[in-house]
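Asker: PDB, C-alpha atoms, saved as structure22.pdb, coming up:
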```
MODEL        1
ATOM      1  CA  MET M   1     107.212 -54.288 -75.185
ATOM      2  CA  PHE M   2     108.755 -57.408 -76.717
ATOM      3  CA  GLU M   3     109.219 -55.666 -80.052
ATOM      4  CA  LYS M   4     110.913 -52.696 -78.359
ATOM      5  CA  ASN M   5     113.318 -55.133 -76.725
ATOM      6  CA  ASP M   6     113.981 -56.859 -80.071
ATOM      7  CA  GLU M   7     112.434 -60.070 -78.771
ATOM      8  CA  PRO M   8     110.659 -62.022 -81.536
ATOM      9  CA  VAL M   9     106.891 -62.326 -81.309
ATOM     10  CA  THR M  10     105.715 -65.308 -83.322
ATOM     11  CA  ALA M  11     101.969 -64.603 -83.293
ATOM     12  CA  ILE M  12      99.390 -62.909 -81.082
ATOM     13  CA  ALA M  13      95.709 -63.404 -80.350
ATOM     14  CA  PRO M  14      94.250 -60.571 -78.266
ATOM     15  CA  LEU M  15      90.686 -61.460 -77.295
ATOM     16  CA  SER M  16      87.849 -58.933 -76.923
ATOM     17  CA  GLY M  17      90.340 -56.143 -76.401
ATOM     18  CA  PRO M  18      89.474 -52.493 -75.698
ATOM     19  CA  TYR M  19      91.753 -51.433 -78.547
ATOM     20  CA  ALA M  20      90.040 -48.071 -79.074
ATOM     21  CA  LEU M  21      90.442 -47.257 -75.391
ATOM     22  CA  ALA M  22      89.979 -43.505 -75.695
ATOM     23  CA  ALA M  23      86.765 -43.886 -77.689
ATOM     24  CA  PHE M  24      85.594 -46.610 -75.322
ATOM     25  CA  GLY M  25      86.086 -44.286 -72.369
ATOM     26  CA  ASP M  26      84.197 -41.508 -74.131
ATOM     27  CA  ALA M  27      81.332 -43.865 -74.949
ATOM     28  CA  ILE M  28      81.033 -44.971 -71.332
ATOM     29  CA  PHE M  29      81.268 -41.472 -69.853
ATOM     30  CA  SER M  30      78.653 -40.292 -72.355
ATOM     31  CA  GLY M  31      76.210 -42.793 -70.859
ATOM     32  CA  ASN M  32      76.745 -46.091 -72.654
ATOM     33  CA  VAL M  33      77.842 -47.829 -69.478
ATOM     34  CA  ASN M  34      79.160 -51.315 -70.109
ATOM     35  CA  ILE M  35      78.485 -54.395 -68.015
ATOM     36  CA  GLY M  36      81.267 -54.735 -65.455
ATOM     37  CA  ALA M  37      82.139 -51.038 -65.433
ATOM     38  CA  SER M  38      82.133 -50.831 -61.648
ATOM     39  CA  ARG M  39      84.636 -53.706 -61.566
ATOM     40  CA  PHE M  40      87.076 -52.389 -64.127
ATOM     41  CA  ALA M  41      86.881 -48.616 -63.589
ATOM     42  CA  PRO M  42      88.683 -48.579 -60.214
ATOM     43  CA  LEU M  43      91.457 -50.833 -61.505
ATOM     44  CA  LEU M  44      91.905 -48.828 -64.701
ATOM     45  CA  ALA M  45      91.878 -45.505 -62.861
ATOM     46  CA  SER M  46      94.391 -46.771 -60.314
ATOM     47  CA  GLY M  47      96.664 -48.171 -63.006
ATOM     48  CA  LEU M  48      96.623 -44.957 -65.026
ATOM     49  CA  GLN M  49      97.206 -42.903 -61.887
ATOM     50  CA  ASN M  50     100.240 -45.028 -61.042
ATOM     51  CA  ALA M  51     101.541 -44.605 -64.586
ATOM     52  CA  TYR M  52     100.962 -40.883 -65.083
ATOM     53  CA  GLY M  53     100.370 -39.442 -61.613
ATOM     54  CA  ASN M  54      97.835 -36.831 -62.690
ATOM     55  CA  VAL M  55      94.497 -38.574 -63.193
ATOM     56  CA  TYR M  56      93.458 -37.448 -59.707
ATOM     57  CA  ASN M  57      95.051 -36.004 -56.578
ATOM     58  CA  SER M  58      93.267 -38.449 -54.297
ATOM     59  CA  THR M  59      90.682 -41.168 -54.802
ATOM     60  CA  ALA M  60      88.137 -38.773 -53.292
ATOM     61  CA  ASP M  61      88.474 -36.672 -56.454
ATOM     62  CA  ILE M  62      87.097 -39.418 -58.674
ATOM     63  CA  PHE M  63      85.129 -41.818 -56.445
ATOM     64  CA  THR M  64      82.124 -40.976 -54.293
ATOM     65  CA  ALA M  65      82.488 -40.975 -50.510
ATOM     66  CA  ASN M  66      81.024 -44.471 -50.187
ATOM     67  CA  TYR M  67      83.842 -45.997 -52.219
ATOM     68  CA  ALA M  68      86.806 -43.603 -52.153
ATOM     69  CA  ASP M  69      88.587 -45.604 -49.450
ATOM     70  CA  THR M  70      88.184 -49.014 -51.094
ATOM     71  CA  GLN M  71      91.582 -50.607 -51.595
ATOM     72  CA  LEU M  72      92.081 -52.271 -54.973
ATOM     73  CA  PRO M  73      93.307 -54.728 -56.076
ATOM     74  CA  SER M  74      91.786 -56.770 -53.279
ATOM     75  CA  LEU M  75      91.896 -60.360 -52.094
ATOM     76  CA  LEU M  76      88.102 -60.194 -51.902
ATOM     77  CA  SER M  77      86.038 -61.194 -54.926
ATOM     78  CA  PHE M  78      83.925 -58.588 -56.664
ATOM     79  CA  GLY M  79      80.794 -60.111 -55.126
ATOM     80  CA  GLU M  80      82.335 -59.896 -51.677
ATOM     81  CA  LEU M  81      83.287 -56.264 -52.259
ATOM     82  CA  VAL M  82      79.721 -55.458 -53.292
ATOM     83  CA  ALA M  83      78.305 -57.311 -50.269
ATOM     84  CA  ALA M  84      80.642 -55.333 -48.018
ATOM     85  CA  ASN M  85      79.519 -52.053 -49.639
ATOM     86  CA  LYS M  86      83.018 -51.476 -50.976
ATOM     87  CA  LEU M  87      81.845 -51.228 -54.597
ATOM     88  CA  PRO M  88      78.481 -50.774 -56.315
ATOM     89  CA  ASP M  89      77.182 -53.761 -58.240
ATOM     90  CA  ASN M  90      76.619 -51.898 -61.509
ATOM     91  CA  ALA M  91      76.081 -48.173 -61.002
ATOM     92  CA  LEU M  92      78.933 -46.082 -62.357
ATOM     93  CA  PHE M  93      77.240 -42.674 -62.491
ATOM     94  CA  GLU M  94      74.562 -40.588 -60.819
ATOM     95  CA  LYS M  95      71.131 -40.929 -62.382
ATOM     96  CA  ASP M  96      69.660 -37.706 -63.782
ATOM     97  CA  PRO M  97      71.830 -35.132 -61.967
ATOM     98  CA  GLU M  98      70.074 -31.790 -61.669
ATOM     99  CA  ASN M  99      71.351 -28.447 -62.913
ATOM    100  CA  ASN M 100      74.089 -29.927 -65.053
ATOM    101  CA  PRO M 101      73.979 -28.278 -68.483
ATOM    102  CA  THR M 102      77.046 -30.188 -69.694
ATOM    103  CA  LEU M 103      75.567 -33.628 -69.103
ATOM    104  CA  ASP M 104      72.238 -32.382 -70.446
ATOM    105  CA  LEU M 105      73.925 -32.018 -73.844
ATOM    106  CA  LEU M 106      74.525 -35.753 -74.107
ATOM    107  CA  PRO M 107      72.306 -37.875 -76.349
ATOM    108  CA  ALA M 108      70.389 -40.771 -74.846
ATOM    109  CA  PRO M 109      72.443 -43.965 -74.423
ATOM    110  CA  THR M 110      72.215 -46.432 -77.278
ATOM    111  CA  VAL M 111      73.048 -49.671 -75.460
ATOM    112  CA  PRO M 112      69.861 -51.290 -74.113
ATOM    113  CA  PHE M 113      71.298 -52.116 -70.689
ATOM    114  CA  ALA M 114      72.800 -48.691 -69.931
ATOM    115  CA  SER M 115      70.208 -47.897 -67.255
ATOM    116  CA  ILE M 116      71.779 -50.289 -64.754
ATOM    117  CA  GLY M 117      74.918 -48.161 -64.872
ATOM    118  CA  PHE M 118      73.133 -45.325 -63.070
ATOM    119  CA  ALA M 119      71.732 -44.871 -59.569
ATOM    120  CA  ASP M 120      70.367 -42.085 -57.402
ATOM    121  CA  ASP M 121      72.728 -42.729 -54.507
ATOM    122  CA  ASN M 122      75.173 -45.634 -54.572
ATOM    123  CA  TYR M 123      77.191 -44.891 -57.704
ATOM    124  CA  LEU M 124      80.967 -44.982 -58.148
ATOM    125  CA  ILE M 125      82.176 -41.942 -60.132
ATOM    126  CA  LYS M 126      81.628 -38.449 -58.777
ATOM    127  CA  THR M 127      79.380 -36.338 -60.978
ATOM    128  CA  ASP M 128      81.772 -33.391 -61.084
ATOM    129  CA  PHE M 129      84.572 -35.687 -62.287
ATOM    130  CA  ARG M 130      82.309 -37.101 -64.980
ATOM    131  CA  THR M 131      81.203 -33.609 -65.971
ATOM    132  CA  ALA M 132      84.782 -32.407 -66.451
ATOM    133  CA  TYR M 133      85.538 -35.462 -68.583
ATOM    134  CA  VAL M 134      82.420 -35.013 -70.722
ATOM    135  CA  ALA M 135      83.073 -31.294 -71.168
ATOM    136  CA  ASP M 136      86.442 -32.090 -72.724
ATOM    137  CA  ALA M 137      84.976 -34.907 -74.828
ATOM    138  CA  LEU M 138      82.435 -32.479 -76.250
ATOM    139  CA  GLN M 139      85.068 -29.802 -76.846
ATOM    140  CA  ASN M 140      87.713 -32.183 -78.228
ATOM    141  CA  PRO M 141      85.774 -35.128 -79.634
ATOM    142  CA  ASP M 142      87.162 -38.507 -80.569
ATOM    143  CA  SER M 143      86.552 -38.804 -84.304
ATOM    144  CA  LEU M 144      85.253 -42.370 -83.938
ATOM    145  CA  ILE M 145      82.583 -41.252 -81.470
ATOM    146  CA  ALA M 146      81.769 -38.185 -83.570
ATOM    147  CA  MET M 147      81.650 -40.430 -86.670
ATOM    148  CA  THR M 148      83.989 -38.090 -88.531
ATOM    149  CA  GLY M 149      86.941 -40.468 -88.661
ATOM    150  CA  ALA M 150      88.585 -43.338 -86.836
ATOM    151  CA  LEU M 151      91.298 -41.884 -84.607
ATOM    152  CA  PRO M 152      91.423 -40.429 -81.079
ATOM    153  CA  ALA M 153      90.943 -36.757 -80.304
ATOM    154  CA  ALA M 154      93.902 -34.738 -81.541
ATOM    155  CA  ASN M 155      94.336 -32.658 -78.402
ATOM    156  CA  PRO M 156      92.378 -33.822 -75.343
ATOM    157  CA  GLN M 157      92.813 -31.644 -72.268
ATOM    158  CA  ASN M 158      91.349 -33.847 -69.545
ATOM    159  CA  ASN M 159      94.097 -35.893 -67.885
ATOM    160  CA  LEU M 160      92.115 -39.122 -67.865
ATOM    161  CA  ARG M 161      91.350 -38.717 -71.555
ATOM    162  CA  LYS M 162      95.035 -38.049 -72.218
ATOM    163  CA  ALA M 163      95.957 -41.253 -70.392
ATOM    164  CA  LEU M 164      93.372 -43.275 -72.291
ATOM    165  CA  LYS M 165      94.647 -41.889 -75.591
ATOM    166  CA  ALA M 166      98.217 -42.819 -74.646
ATOM    167  CA  ASN M 167      97.069 -46.432 -74.318
ATOM    168  CA  ASP M 168      94.799 -46.463 -77.375
ATOM    169  CA  LEU M 169      95.970 -48.894 -80.063
ATOM    170  CA  ARG M 170      94.332 -47.285 -83.073
ATOM    171  CA  GLY M 171      97.094 -46.724 -85.587
ATOM    172  CA  TYR M 172      99.120 -49.728 -84.453
ATOM    173  CA  VAL M 173      99.591 -52.273 -87.235
ATOM    174  CA  PRO M 174     100.846 -55.659 -85.996
ATOM    175  CA  LYS M 175     103.776 -57.143 -87.879
ATOM    176  CA  MET M 176     103.207 -60.708 -86.694
ATOM    177  CA  PRO M 177     100.294 -63.054 -87.523
ATOM    178  CA  THR M 178      97.360 -61.810 -85.467
ATOM    179  CA  LEU M 179      93.925 -63.088 -84.527
ATOM    180  CA  LEU M 180      91.434 -60.470 -83.338
ATOM    181  CA  CYS M 181      88.582 -62.430 -81.787
ATOM    182  CA  GLY M 182      85.388 -61.309 -80.082
ATOM    183  CA  GLY M 183      81.613 -61.373 -80.095
ATOM    184  CA  ASN M 184      79.494 -58.634 -81.630
ATOM    185  CA  GLN M 185      77.016 -58.448 -78.745
ATOM    186  CA  ASP M 186      79.671 -58.136 -76.051
ATOM    187  CA  PRO M 187      78.196 -55.891 -73.328
ATOM    188  CA  THR M 188      81.524 -55.520 -71.529
ATOM    189  CA  VAL M 189      83.947 -54.629 -74.342
ATOM    190  CA  PHE M 190      81.930 -53.244 -77.238
ATOM    191  CA  TYR M 191      82.920 -55.172 -80.364
ATOM    192  CA  ASP M 192      82.224 -52.696 -83.157
ATOM    193  CA  LEU M 193      83.741 -49.767 -81.285
ATOM    194  CA  ASN M 194      86.933 -51.683 -80.567
ATOM    195  CA  THR M 195      87.554 -54.713 -82.793
ATOM    196  CA  SER M 196      85.732 -53.506 -85.905
ATOM    197  CA  SER M 197      87.340 -50.074 -85.778
ATOM    198  CA  MET M 198      90.784 -51.590 -85.273
ATOM    199  CA  ALA M 199      90.257 -53.939 -88.220
ATOM    200  CA  ALA M 200      89.111 -51.071 -90.436
ATOM    201  CA  ILE M 201      92.198 -49.024 -89.615
ATOM    202  CA  ILE M 202      94.499 -51.964 -90.368
ATOM    203  CA  GLN M 203      92.688 -52.617 -93.651
ATOM    204  CA  ARG M 204      93.070 -48.974 -94.606
ATOM    205  CA  SER M 205      96.787 -49.078 -93.778
ATOM    206  CA  VAL M 206      97.246 -52.084 -96.064
ATOM    207  CA  ALA M 207      95.298 -50.408 -98.862
ATOM    208  CA  GLN M 208      97.469 -47.299 -98.568
ATOM    209  CA  ASN M 209     100.719 -49.263 -98.355
ATOM    210  CA  PRO M 210     100.495 -52.669-100.075
ATOM    211  CA  ALA M 211     104.130 -53.365 -99.151
ATOM    212  CA  LEU M 212     103.171 -53.739 -95.489
ATOM    213  CA  THR M 213     103.614 -57.250 -94.152
ATOM    214  CA  VAL M 214     100.268 -57.780 -92.438
ATOM    215  CA  ASN M 215      98.571 -61.029 -91.485
ATOM    216  CA  VAL M 216      95.433 -60.293 -89.473
ATOM    217  CA  THR M 217      92.394 -62.524 -89.054
ATOM    218  CA  VAL M 218      89.296 -60.988 -87.496
ATOM    219  CA  LEU M 219      86.758 -63.436 -86.083
ATOM    220  CA  ASP M 220      83.317 -62.693 -84.671
ATOM    221  CA  VAL M 221      82.314 -65.870 -82.836
ATOM    222  CA  ASP M 222      78.645 -64.862 -82.606
ATOM    223  CA  ALA M 223      76.781 -65.635 -85.832
ATOM    224  CA  THR M 224      73.343 -65.451 -84.193
ATOM    225  CA  THR M 225      72.959 -61.833 -85.334
ATOM    226  CA  ALA M 226      74.168 -62.370 -88.907
ATOM    227  CA  ASN M 227      70.819 -61.367 -90.410
ATOM    228  CA  ASP M 228      70.944 -58.075 -88.509
ATOM    229  CA  ARG M 229      74.505 -57.356 -89.655
ATOM    230  CA  PRO M 230      74.482 -58.136 -93.409
ATOM    231  CA  ASN M 231      77.323 -55.723 -94.150
ATOM    232  CA  THR M 232      79.622 -56.950 -91.385
ATOM    233  CA  PRO M 233      81.216 -60.336 -92.094
ATOM    234  CA  ASN M 234      81.943 -62.753 -89.266
ATOM    235  CA  VAL M 235      85.429 -63.329 -90.661
ATOM    236  CA  GLN M 236      87.819 -60.831 -92.205
ATOM    237  CA  LEU M 237      91.177 -61.809 -93.689
ATOM    238  CA  ILE M 238      93.554 -58.864 -93.943
ATOM    239  CA  GLY M 239      96.840 -58.861 -95.826
ATOM    240  CA  GLN M 240      98.405 -62.319 -95.966
ATOM    241  CA  ALA M 241      95.845 -63.933 -93.660
ATOM    242  CA  SER M 242      94.234 -65.804 -96.539
ATOM    243  CA  MET M 243      97.517 -67.705 -96.966
ATOM    244  CA  ASN M 244      97.497 -69.171 -93.455
ATOM    245  CA  GLN M 245      97.625 -72.949 -93.326
ATOM    246  CA  TRP M 246      94.711 -73.707 -91.010
ATOM    247  CA  ASN M 247      91.314 -74.766 -92.295
ATOM    248  CA  ILE M 248      89.645 -71.556 -91.260
ATOM    249  CA  ASN M 249      86.197 -72.444 -92.596
ATOM    250  CA  SER M 250      86.106 -75.603 -90.513
ATOM    251  CA  VAL M 251      87.384 -73.789 -87.429
ATOM    252  CA  VAL M 252      84.866 -70.963 -87.746
ATOM    253  CA  THR M 253      81.988 -73.394 -88.223
ATOM    254  CA  SER M 254      83.018 -75.344 -85.130
ATOM    255  CA  VAL M 255      83.629 -72.256 -82.994
ATOM    256  CA  GLN M 256      80.348 -70.604 -83.911
ATOM    257  CA  SER M 257      78.394 -73.845 -83.509
ATOM    258  CA  ASN M 258      79.852 -74.396 -80.044
ATOM    259  CA  PHE M 259      79.052 -70.789 -79.184
ATOM    260  CA  VAL M 260      75.381 -71.321 -80.026
ATOM    261  CA  GLN M 261      75.248 -74.511 -77.962
ATOM    262  CA  ASN M 262      76.855 -72.804 -74.975
ATOM    263  CA  LEU M 263      74.522 -69.844 -75.389
ATOM    264  CA  GLN M 264      71.525 -72.150 -75.130
ATOM    265  CA  ARG M 265      73.011 -73.806 -72.042
ATOM    266  CA  VAL M 266      73.328 -70.409 -70.373
ATOM    267  CA  ILE M 267      69.721 -69.565 -71.205
ATOM    268  CA  ASP M 268      68.466 -72.943 -69.973
ATOM    269  CA  ALA M 269      70.467 -72.730 -66.745
ATOM    270  CA  GLY M 270      69.130 -69.248 -66.135
ATOM    271  CA  ALA M 271      65.558 -70.372 -66.731
ATOM    272  CA  GLN M 272      65.943 -73.074 -64.096
ATOM    273  CA  GLN M 273      66.884 -70.349 -61.619
ATOM    274  CA  GLY M 274      64.154 -67.972 -62.734
ATOM    275  CA  ILE M 275      66.626 -65.657 -64.471
ATOM    276  CA  PRO M 276      65.410 -64.010 -67.700
ATOM    277  CA  ALA M 277      67.336 -65.070 -70.790
ATOM    278  CA  SER M 278      68.602 -61.552 -71.498
ATOM    279  CA  VAL M 279      69.984 -61.190 -67.979
ATOM    280  CA  ALA M 280      71.639 -64.598 -68.062
ATOM    281  CA  VAL M 281      73.302 -63.823 -71.382
ATOM    282  CA  LEU M 282      74.501 -60.378 -70.274
ATOM    283  CA  GLY M 283      76.188 -61.878 -67.246
ATOM    284  CA  ASN M 284      77.924 -64.636 -69.184
ATOM    285  CA  TYR M 285      78.595 -63.205 -72.633
ATOM    286  CA  HIS M 286      82.032 -61.647 -72.208
ATOM    287  CA  GLY M 287      83.733 -63.790 -69.600
ATOM    288  CA  GLY M 288      82.038 -67.082 -70.415
ATOM    289  CA  LEU M 289      80.659 -67.414 -73.921
ATOM    290  CA  VAL M 290      83.087 -65.278 -75.909
ATOM    291  CA  SER M 291      86.092 -66.251 -73.830
ATOM    292  CA  THR M 292      85.426 -69.953 -74.365
ATOM    293  CA  ALA M 293      84.844 -69.566 -78.100
ATOM    294  CA  CYS M 294      87.879 -67.365 -78.663
ATOM    295  CA  THR M 295      90.076 -69.717 -76.657
ATOM    296  CA  GLN M 296      89.071 -72.529 -79.010
ATOM    297  CA  ALA M 297      89.807 -70.355 -82.039
ATOM    298  CA  THR M 298      93.136 -69.237 -80.603
ATOM    299  CA  ARG M 299      94.240 -72.805 -79.982
ATOM    300  CA  GLU M 300      93.633 -73.631 -83.636
ATOM    301  CA  PHE M 301      95.265 -70.395 -84.771
ATOM    302  CA  PHE M 302      98.460 -71.092 -82.833
ATOM    303  CA  ASN M 303      98.523 -74.718 -83.994
ATOM    304  CA  GLN M 304      99.678 -73.433 -87.371
ATOM    305  CA  GLU M 305     103.151 -73.201 -85.816
ATOM    306  CA  PHE M 306     104.097 -69.846 -87.257
ATOM    307  CA  LYS M 307     107.798 -69.163 -87.529
ATOM    308  CA  PRO M 308     109.220 -66.063 -85.800
ATOM    309  CA  ALA M 309     109.774 -63.186 -88.185
TER     310      ALA M 309
ENDMDL
END
```
So that I can check it, write out the structure of this file as structure tokens.
Answerer:
Amino acid sequence: MFEKNDEPVTAIAPLSGPYALAAFGDAIFSGNVNIGASRFAPLLASGLQNAYGNVYNSTADIFTANYADTQLPSLLSFGELVAANKLPDNALFEKDPENNPTLDLLPAPTVPFASIGFADDNYLIKTDFRTAYVADALQNPDSLIAMTGALPAANPQNNLRKALKANDLRGYVPKMPTLLCGGNQDPTVFYDLNTSSMAAIIQRSVAQNPALTVNVTVLDVDATTANDRPNTPNVQLIGQASMNQWNINSVVTSVQSNFVQNLQRVIDAGAQQGIPASVAVLGNYHGGLVSTACTQATREFFNQEFKPA
């Protein structure tokens, strides 16, 4: 928006962004339900409906009867909405719908926590709405999901998929110094699907056009899985990023060290309350652990005092 208005943007640091929004939507509707889906789905659907006017005719088209009348945004917290039966805690879709050959074509989810995104009764998205979405995703696949490329579907027919594609950032190459920061185990905004794919596209753009002025730093704040990801570096410097003035090695070491310490605090606090470590981490990873670490990294990134282009 600023660039369209010829307003200078000195530097940006989007954190844990759903950059590949169309692919992210396809992944979720295919069964890889993210943590927090029942919080974000109503807001996203409402926002896209307000923007395009054709995602649904009424909320009863997309949301089940239990939740179709819930007014969002709300002054109530998410927990209060759940307690008042205005939203489900986690369940986005119906569990094992019968006689649905379209959904039967889907592979099993790959994220280990996907099961909590399904329920027999109190789920958010109507099965027929999901089925129509999935049918189009199967007919007009996103190349990133199909692993045949990196870009959105060329010609989606489903209106929600069209809206998601219109807001998908794949193909955008930032002109200003940029920090893409996240954590590779993020259960809310999947890191590899979004940040890694965005970084790969930008790298490819630079390789194809060396004259591009690109300065992008990609930082994965979670080094605890480094041994499981030997081919995916925690830091990527694209274009002119290696010329930035900050001491990136020192910053990364500090950020990742603090992340590990905070991770242990979350696990210890959960143990004191009888909460399994995996559950405690899932609930705190995106909004607590990664957010804190990326805020630290962003502060150091902006301290370089970039000059407007």
Asker: Would you list the contacts of Thr195 of chain M as a PyMOL selection string, taking every protein, DNA or RNA residue within 9 Å and counting all atoms listed in the file, but skipping same-chain residues closer than 5 positions in sequence?
Answerer: chain M and resi 16-20+180-182+190+200+218
Asker: Set up a box along x, y and z of the file covering all listed atoms of segment 20-39 of chain M, add 5 Å on every one of the six sides, and write the centre and edge lengths in Å to one decimal, as lines of an AutoDock Vina configuration file.
Answerer:
```
center_x = 83.3
center_y = -47.5
center_z = -70.3
size_x = 24.2
size_y = 24.4
size_z = 27.5
```
Asker: Which residues are close to Thr232 of chain M, i.e. within 12 Å by all atoms listed in the file, leaving aside same-chain residues fewer than 4 positions away? Reply as a list in words.
Answerer: Asn184, Tyr191, Asp192, Thr195, Ser196, Ser197, Ala199, Ala200, Val218, Leu219, Asp220, Asp222, Ala223, Thr225, Ala226, Asn227, Asp228 and Gln236 of chain M
Asker: Write the residues you've just listed into a file as a PDB file, keeping the file's coordinate frame, and include C-alpha atoms for each of them.
Answerer:
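Wrote part.pdb, looks like this:
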```pdb
ATOM      1  CA  ASN M 184      79.494 -58.634 -81.630  1.00  0.00           C
ATOM      2  CA  TYR M 191      82.920 -55.172 -80.364  1.00  0.00           C
ATOM      3  CA  ASP M 192      82.224 -52.696 -83.157  1.00  0.00           C
ATOM      4  CA  THR M 195      87.554 -54.713 -82.793  1.00  0.00           C
ATOM      5  CA  SER M 196      85.732 -53.506 -85.905  1.00  0.00           C
ATOM      6  CA  SER M 197      87.340 -50.074 -85.778  1.00  0.00           C
ATOM      7  CA  ALA M 199      90.257 -53.939 -88.220  1.00  0.00           C
ATOM      8  CA  ALA M 200      89.111 -51.071 -90.436  1.00  0.00           C
ATOM      9  CA  VAL M 218      89.296 -60.988 -87.496  1.00  0.00           C
ATOM     10  CA  LEU M 219      86.758 -63.436 -86.083  1.00  0.00           C
ATOM     11  CA  ASP M 220      83.317 -62.693 -84.671  1.00  0.00           C
ATOM     12  CA  ASP M 222      78.645 -64.862 -82.606  1.00  0.00           C
ATOM     13  CA  ALA M 223      76.781 -65.635 -85.832  1.00  0.00           C
ATOM     14  CA  THR M 225      72.959 -61.833 -85.334  1.00  0.00           C
ATOM     15  CA  ALA M 226      74.168 -62.370 -88.907  1.00  0.00           C
ATOM     16  CA  ASN M 227      70.819 -61.367 -90.410  1.00  0.00           C
ATOM     17  CA  ASP M 228      70.944 -58.075 -88.509  1.00  0.00           C
ATOM     18  CA  GLN M 236      87.819 -60.831 -92.205  1.00  0.00           C
TER      19      GLN M 236
END
```
Asker: May I have the residues within 9 Å of Asp168 of chain M as an mmCIF file with C-alpha atoms, in the coordinates of the input, using only C-alpha atoms and disregarding those fewer than 4 positions away in the same chain?
Answerer:
```
data_model
loop_
_atom_site.group_PDB
_atom_site.id
_atom_site.type_symbol
_atom_site.label_atom_id
_atom_site.label_comp_id
_atom_site.auth_asym_id
_atom_site.auth_seq_id
_atom_site.Cartn_x
_atom_site.Cartn_y
_atom_site.Cartn_z
ATOM 1 C CA PRO M 18 89.474 -52.493 -75.698
ATOM 2 C CA TYR M 19 91.753 -51.433 -78.547
ATOM 3 C CA ALA M 20 90.040 -48.071 -79.074
ATOM 4 C CA LEU M 21 90.442 -47.257 -75.391
ATOM 5 C CA ALA M 22 89.979 -43.505 -75.695
ATOM 6 C CA ALA M 23 86.765 -43.886 -77.689
ATOM 7 C CA PRO M 152 91.423 -40.429 -81.079
ATOM 8 C CA ALA M 163 95.957 -41.253 -70.392
ATOM 9 C CA LEU M 164 93.372 -43.275 -72.291
ATOM 10 C CA TYR M 172 99.120 -49.728 -84.453
#
```
Asker: Using the chain letters and numbers from the file, give me the residues hit by the PyMOL selection byres ((chain M and resi 88-97) around 10), as a CSV table (one decimal) with C-alpha atoms, in the coordinates of the input.
Answerer:
```csv
chain,number,residue,atom,x,y,z
M,28,ILE,CA,81.0,-45.0,-71.3
M,29,PHE,CA,81.3,-41.5,-69.9
M,31,GLY,CA,76.2,-42.8,-70.9
M,33,VAL,CA,77.8,-47.8,-69.5
M,34,ASN,CA,79.2,-51.3,-70.1
M,35,ILE,CA,78.5,-54.4,-68.0
M,36,GLY,CA,81.3,-54.7,-65.5
M,37,ALA,CA,82.1,-51.0,-65.4
M,38,SER,CA,82.1,-50.8,-61.6
M,39,ARG,CA,84.6,-53.7,-61.6
M,41,ALA,CA,86.9,-48.6,-63.6
M,63,PHE,CA,85.1,-41.8,-56.4
M,64,THR,CA,82.1,-41.0,-54.3
M,66,ASN,CA,81.0,-44.5,-50.2
M,67,TYR,CA,83.8,-46.0,-52.2
M,78,PHE,CA,83.9,-58.6,-56.7
M,79,GLY,CA,80.8,-60.1,-55.1
M,81,LEU,CA,83.3,-56.3,-52.3
M,82,VAL,CA,79.7,-55.5,-53.3
M,83,ALA,CA,78.3,-57.3,-50.3
M,84,ALA,CA,80.6,-55.3,-48.0
M,85,ASN,CA,79.5,-52.1,-49.6
M,86,LYS,CA,83.0,-51.5,-51.0
M,87,LEU,CA,81.8,-51.2,-54.6
M,98,GLU,CA,70.1,-31.8,-61.7
M,99,ASN,CA,71.4,-28.4,-62.9
M,100,ASN,CA,74.1,-29.9,-65.1
M,101,PRO,CA,74.0,-28.3,-68.5
M,103,LEU,CA,75.6,-33.6,-69.1
M,104,ASP,CA,72.2,-32.4,-70.4
M,114,ALA,CA,72.8,-48.7,-69.9
M,115,SER,CA,70.2,-47.9,-67.3
M,116,ILE,CA,71.8,-50.3,-64.8
M,117,GLY,CA,74.9,-48.2,-64.9
M,118,PHE,CA,73.1,-45.3,-63.1
M,119,ALA,CA,71.7,-44.9,-59.6
M,120,ASP,CA,70.4,-42.1,-57.4
M,121,ASP,CA,72.7,-42.7,-54.5
M,122,ASN,CA,75.2,-45.6,-54.6
M,123,TYR,CA,77.2,-44.9,-57.7
M,124,LEU,CA,81.0,-45.0,-58.1
M,125,ILE,CA,82.2,-41.9,-60.1
M,126,LYS,CA,81.6,-38.4,-58.8
M,127,THR,CA,79.4,-36.3,-61.0
M,130,ARG,CA,82.3,-37.1,-65.0
```
